[in-house]
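Student: Could you have a look at this structure, given as structure tokens, before my questions?
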Amino acid sequence: MNAPPRARGRGSAGRRILPVATCVLLLTTCTAGRAPAVELAAVTSGTVHQTVAAPATVEPADRRVVAAPASGHVAELLVADGEVVEAGRAVLRLDSDSVDTALAQARAGVDAAAALAGVVPTVDLSPLMAGVRHQLDAVLPGLLDTLEEQAATVPDDQARAALLVRLADARAAYQRAARELARAEARAADSARRATASQRTVAAAQQRQAAVVLEAAQAKDAALIVVAPIGGVVEFGVAATADGIADDPGDLPADVAGLLGGTRGGTGGPVAVGAPVGVGQALFTVYDLSGFHLRAAVDEVDAVQVEPGQPVRVFLDAYPDDVLAGSVTRVAVGPGQAITAGVVYPVEVALDDLPSEVRPRVGMTASVEIEVRRVASATVVPASALVRRDGRDVILVVRDADGARRVRPVPVGLVAVSDDLAAVDGDVTAGEHVVVAGFEQVEDGDRLP
């Protein structure tokens, strides 16, 4: 005889409720001289609520861990540990030599950029060249005209002709020189304009860059007054020891709060005035306790059945006598971290209205039963009635045969199963009885009283 399947359910002692419809019977068989005890239960009809069980923890409506924006020390605590604050309330103030140094350097950079912008632009030589050209224009044309007039009076035709040719060459050379000088003047003016524009562009860029650096340094200085990102209860973190403070390596983002701790050494006591802190170190946590929800870790085998909107039964370990209600609000896309081997997926569960006596606290342990399927069936048997034979689900039905009540195996199809009940398809009807315990004591065809 095959053993019954392992009981399905959360496995928490004392929480299984046997349905009234099971009507357990204690019988005795008299086969081959033995008197074994066998338990029977009635086949019924009804609704089977198939559930997925998972461990869970209580989470607040929101929580934010706030990290130090720079290395330094705590200069002032502006709220008390455990105090309720509003979003934006200043919680503490830090002093940081690295921030002070960066701010001073940024201000010096702004002054240097302003001084560079005031430097005299590049010298323009074109006015000097224009003056030379104007002087030549004022002298040479008149001088050449006078020489031509005098050459015309030379009596020797050959000498006069030679002199006039030389004067014509001189006039042509002057005109070429004047044109070259004008072009050089234009080039000098253009070069000066471009050099001046480039110098001004560089100076303006340096001023803008210096202003951005200063703005960033001022923002970092302002961030030394650390505020609460949300409203809630403030809980201070643990300070680092003086020899454990990290340098300020490019200022890690604040959202790594607590992951690296910002330290290379040990830790001291709670964050207090004078306590050293490292960049990225968790300073405090703000808990929004306006509501609570649960984060369950659902095994990968069960996670494929879980969807938002499914009803949930919640059992808080701190309140073992209360069964709370809720619903699935979110199923994570990626896996979470499992305590043991295997893969789990985080599932968020919203709680319905809580009884006044139930007051959850952050981190409390719980278990949840997520209803993944609800089946109304004409044939419902206790889950303990199912046994496996040759890869099939079988139930042992008690039927009249040869004037006696005998055990008969009946293959069934499993439609849905909960902790205690199973909806099945097969040759069995409501009102019949099936074996739910003592399987090892009976054989197929055994007679029961």
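Each chain in the structure tokens gets a letter, A, B and so on, in the order shown; residues start at 1 in every chain, and ligands are counted from 1 in the order they appear.
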Go through stretch 189-229 of chain A residue by residue and, counting only C-alpha atoms, keep those with an atom at most 12 Å from stretch 44-65 of chain A; for each kept residue give the shortest atom pair and its distance in Å to one decimal, ordered by chain and increasing number, as a tab-separated table.
Tutor:
residue	atom	partner	partner_atom	distance
A:Val226	CA	A:Val65	CA	11.8
A:Val227	CA	A:Val65	CA	11.4
A:Ala228	CA	A:Arg64	CA	8.5
A:Pro229	CA	A:Arg64	CA	7.2
Student: Which residues come within 8 Å of stretch 203-209 of chain A, counting only C-alpha atoms, excluding same-chain residues fewer than 5 positions away, as a PyMOL selection string?
Tutor: chain A and resi 110+113-114+116-117
Student: Restricting it to N, CA and C atoms, dump the selection as a PDB file, in the first residue's frame.
Tutor:
ATOM      1  N   VAL A 110      36.014  81.261  -9.146  1.00  0.00           N
ATOM      2  CA  VAL A 110      35.157  82.321  -9.700  1.00  0.00           C
ATOM      3  C   VAL A 110      35.940  83.624  -9.816  1.00  0.00           C
ATOM      4  N   ALA A 113      38.442  83.411 -12.755  1.00  0.00           N
ATOM      5  CA  ALA A 113      37.775  83.507 -14.055  1.00  0.00           C
ATOM      6  C   ALA A 113      37.357  84.933 -14.357  1.00  0.00           C
ATOM      7  N   ALA A 114      36.908  85.653 -13.338  1.00  0.00           N
ATOM      8  CA  ALA A 114      36.534  87.055 -13.538  1.00  0.00           C
ATOM      9  C   ALA A 114      37.755  87.901 -13.895  1.00  0.00           C
ATOM     10  N   LEU A 116      40.458  86.856 -15.464  1.00  0.00           N
ATOM     11  CA  LEU A 116      40.847  86.536 -16.837  1.00  0.00           C
ATOM     12  C   LEU A 116      39.956  87.260 -17.838  1.00  0.00           C
ATOM     13  N   ALA A 117      38.678  87.377 -17.520  1.00  0.00           N
ATOM     14  CA  ALA A 117      37.754  88.059 -18.425  1.00  0.00           C
ATOM     15  C   ALA A 117      38.081  89.538 -18.549  1.00  0.00           C
TER      16      ALA A 117
END
Student: Give me, as a ChimeraX atom specification, the residues of stretch 45-216 of chain A that a backbone DSSP run labels strand (DSSP E or B).
Tutor: /A:45-67,72-77,84-85,90-95
Student: Just give me the gap between atom CA of A:Asp145 and atom CA of A:Arg133 in Å, one decimal is fine.
Tutor: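 Computed distance, atom CA of A:Asp145 to atom CA of A:Arg133, equals 18.2 Å.
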Student: So the first atom is atom CA of A:Thr429 and the second is atom CA of A:Asp393; what is the distance between them in Å, to one decimal place?
Tutor: 16.3 Å
Student: What's around stretch 281-294 of chain A at 9 Å? Count only C-alpha atoms, leave out sequence neighbours fewer than 4 positions away in its own chain, and write the answer as a PyMOL selection string.
Tutor: chain A and resi 56-71+84-85+91+228-240+254+256-263+271+277+314+326+347-351+360-362+366+368
Student: Would you give me, as CSV, each residue of stretch 100-139 of chain A having an atom within 7 Å of an atom of stretch 177-185 of chain A, along with its shortest atom pair and that distance in Å to one decimal, using only C-alpha atoms and sorting by chain and residue number?
Tutor:
residue,atom,partner,partner_atom,distance
A:Ser126,CA,A:Glu185,CA,4.6
A:Met129,CA,A:Glu185,CA,5.6
A:Ala130,CA,A:Glu185,CA,6.4
A:Arg133,CA,A:Ala178,CA,6.6
Student: Emit the selected residues as a PDB file, in the first residue's frame, including all heavy atoms.
Tutor:
ATOM      1  N   SER A 126      46.420  96.611 -37.056  1.00  0.00           N
ATOM      2  CA  SER A 126      45.895  97.213 -38.287  1.00  0.00           C
ATOM      3  C   SER A 126      45.873  98.744 -38.243  1.00  0.00           C
ATOM      4  O   SER A 126      46.144  99.396 -39.276  1.00  0.00           O
ATOM      5  CB  SER A 126      44.501  96.662 -38.575  1.00  0.00           C
ATOM      6  OG  SER A 126      43.602  96.974 -37.527  1.00  0.00           O
ATOM      7  N   MET A 129      49.327  99.925 -39.303  1.00  0.00           N
ATOM      8  CA  MET A 129      49.530  99.738 -40.743  1.00  0.00           C
ATOM      9  C   MET A 129      48.742 100.777 -41.541  1.00  0.00           C
ATOM     10  O   MET A 129      49.216 101.284 -42.573  1.00  0.00           O
ATOM     11  CB  MET A 129      49.092  98.326 -41.146  1.00  0.00           C
ATOM     12  CG  MET A 129      49.938  97.219 -40.549  1.00  0.00           C
ATOM     13  SD  MET A 129      49.360  95.595 -41.075  1.00  0.00           S
ATOM     14  CE  MET A 129      50.546  94.552 -40.248  1.00  0.00           C
ATOM     15  N   ALA A 130      47.566 101.106 -41.099  1.00  0.00           N
ATOM     16  CA  ALA A 130      46.774 102.128 -41.801  1.00  0.00           C
ATOM     17  C   ALA A 130      47.463 103.482 -41.765  1.00  0.00           C
ATOM     18  O   ALA A 130      47.458 104.233 -42.747  1.00  0.00           O
ATOM     19  CB  ALA A 130      45.388 102.213 -41.162  1.00  0.00           C
ATOM     20  N   ARG A 133      50.218 103.475 -44.293  1.00  0.00           N
ATOM     21  CA  ARG A 133      49.674 103.562 -45.650  1.00  0.00           C
ATOM     22  C   ARG A 133      49.212 104.995 -45.954  1.00  0.00           C
ATOM     23  O   ARG A 133      49.454 105.527 -47.050  1.00  0.00           O
ATOM     24  CB  ARG A 133      48.513 102.581 -45.789  1.00  0.00           C
ATOM     25  CG  ARG A 133      47.876 102.569 -47.174  1.00  0.00           C
ATOM     26  CD  ARG A 133      46.926 101.386 -47.306  1.00  0.00           C
ATOM     27  NE  ARG A 133      45.900 101.379 -46.277  1.00  0.00           N
ATOM     28  CZ  ARG A 133      44.780 102.130 -46.322  1.00  0.00           C
ATOM     29  NH1 ARG A 133      44.577 102.945 -47.349  1.00  0.00           N
ATOM     30  NH2 ARG A 133      43.905 102.060 -45.345  1.00  0.00           N
TER      31      ARG A 133
END
Student: Would you list the contacts of A:Ala423 as a PDB file with C-alpha atoms, in the first residue's frame, taking every protein, DNA or RNA residue within 7 Å and counting only C-alpha atoms, but skipping same-chain residues closer than 2 positions in sequence?
Tutor:
ATOM      1  CA  VAL A  48     -12.009  24.522  -2.271  1.00  0.00           C
ATOM      2  CA  SER A 377     -16.927  21.323  -6.948  1.00  0.00           C
ATOM      3  CA  THR A 379     -16.868  16.230  -5.340  1.00  0.00           C
ATOM      4  CA  VAL A 380     -14.693  17.309  -2.424  1.00  0.00           C
ATOM      5  CA  VAL A 381     -12.577  14.946  -0.329  1.00  0.00           C
ATOM      6  CA  LEU A 414      -6.938  16.670  -8.935  1.00  0.00           C
ATOM      7  CA  VAL A 415      -8.806  19.924  -9.721  1.00  0.00           C
ATOM      8  CA  ALA A 416      -7.744  22.035  -6.738  1.00  0.00           C
ATOM      9  CA  VAL A 417      -6.275  21.425  -3.300  1.00  0.00           C
ATOM     10  CA  LEU A 421      -9.646  19.707   1.098  1.00  0.00           C
TER      11      LEU A 421
END
Student: Which neighbours of A:Leu92 fall inside 8 Å, counting only C-alpha atoms, when residues of the same chain fewer than 5 positions from it are skipped, and could you give them as a list in words?
Tutor: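 Counting only C-alpha atoms, the residues come to Val74, Ala75, Glu76, Leu77, Leu78, Val79, Ile225, Val226 and Val227 of chain A.
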Student: Taking only C-alpha atoms into account, which of A:Ala192, A:Leu140, A:Val298, A:Ala223 comes nearest A:Ala173?
Tutor: A:Leu140
Student: Return as a list in words the full set of residues in stretch 239-424 of chain A whose backbone-based DSSP assignment is alpha helix (DSSP H).
Tutor: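 Filtering stretch 239-424 of chain A to alpha helix (DSSP H) leaves Glu300, Val301, Asp302 and Ala303 of chain A.
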Student: Could the residues in this selection be saved with N, CA, C and O atoms as a compact mmCIF listing (two decimals), in the first residue's frame?
Tutor:
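What follows is the written file selection.txt:
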# COMPACT_ATOMS: atom_id res chain seq x y z
N GLU A 300 9.72 30.00 -5.77
CA GLU A 300 9.57 30.13 -7.22
C GLU A 300 8.52 29.18 -7.79
O GLU A 300 7.85 29.51 -8.78
N VAL A 301 8.35 28.01 -7.18
CA VAL A 301 7.35 27.05 -7.68
C VAL A 301 5.94 27.61 -7.52
O VAL A 301 5.06 27.39 -8.36
N ASP A 302 5.72 28.34 -6.42
CA ASP A 302 4.39 28.89 -6.13
C ASP A 302 4.19 30.27 -6.74
O ASP A 302 3.05 30.69 -6.97
N ALA A 303 5.28 31.01 -6.98
CA ALA A 303 5.17 32.41 -7.41
C ALA A 303 4.43 32.55 -8.74
O ALA A 303 3.79 33.57 -8.99
Student: Please list as a short mmCIF file (atom, residue, chain, number, x, y, z; two decimals) with N, CA, C and O atoms, in the first residue's frame every residue within 6 Å of A:Gly445, counting only C-alpha atoms and excluding residues in the same chain fewer than 6 positions away.
Tutor:
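Contents of out_38.cif, as written:
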data_model
loop_
_atom_site.label_atom_id
_atom_site.label_comp_id
_atom_site.auth_asym_id
_atom_site.auth_seq_id
_atom_site.Cartn_x
_atom_site.Cartn_y
_atom_site.Cartn_z
N ARG A 406 -16.42 -2.85 1.41
CA ARG A 406 -15.03 -3.15 1.05
C ARG A 406 -14.33 -1.90 0.51
O ARG A 406 -14.96 -0.99 -0.05
N VAL A 407 -13.00 -1.91 0.66
CA VAL A 407 -12.15 -0.80 0.19
C VAL A 407 -11.85 -0.99 -1.28
O VAL A 407 -11.37 -2.06 -1.69
N ARG A 408 -12.14 0.05 -2.09
CA ARG A 408 -11.87 0.01 -3.52
C ARG A 408 -11.04 1.23 -3.94
O ARG A 408 -11.40 2.37 -3.60
#
Student: In terms of the shortest atom-to-atom distance over only C-alpha atoms, which of A:Val213, A:Ala318, A:Ala168, A:Leu386 is closest to A:Ala102?
Tutor: A:Val213
Student: Just checking: using only C-alpha atoms, which residue out of A:Tyr319, A:Leu40, A:Pro409, A:Val165 ends up closest to A:Glu432?
Tutor: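 Of A:Tyr319, A:Leu40, A:Pro409, A:Val165, the one nearest A:Glu432, counting only C-alpha atoms, is A:Leu40.
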Student: Hey, which of A:Arg176, A:Ala219, A:Val273, A:Thr153 ends up closest to A:Ala106? Count only C-alpha atoms.
Tutor: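 Going through A:Arg176, A:Ala219, A:Val273, A:Thr153 one by one, the smallest distance to A:Ala106 is for A:Ala219.
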Student: How many Å lie between atom CA of A:Gly142 and atom CA of A:Ala172, rounded to one decimal?
Tutor: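 Straight-line distance from atom CA of A:Gly142 to atom CA of A:Ala172 works out to 14.2 Å.
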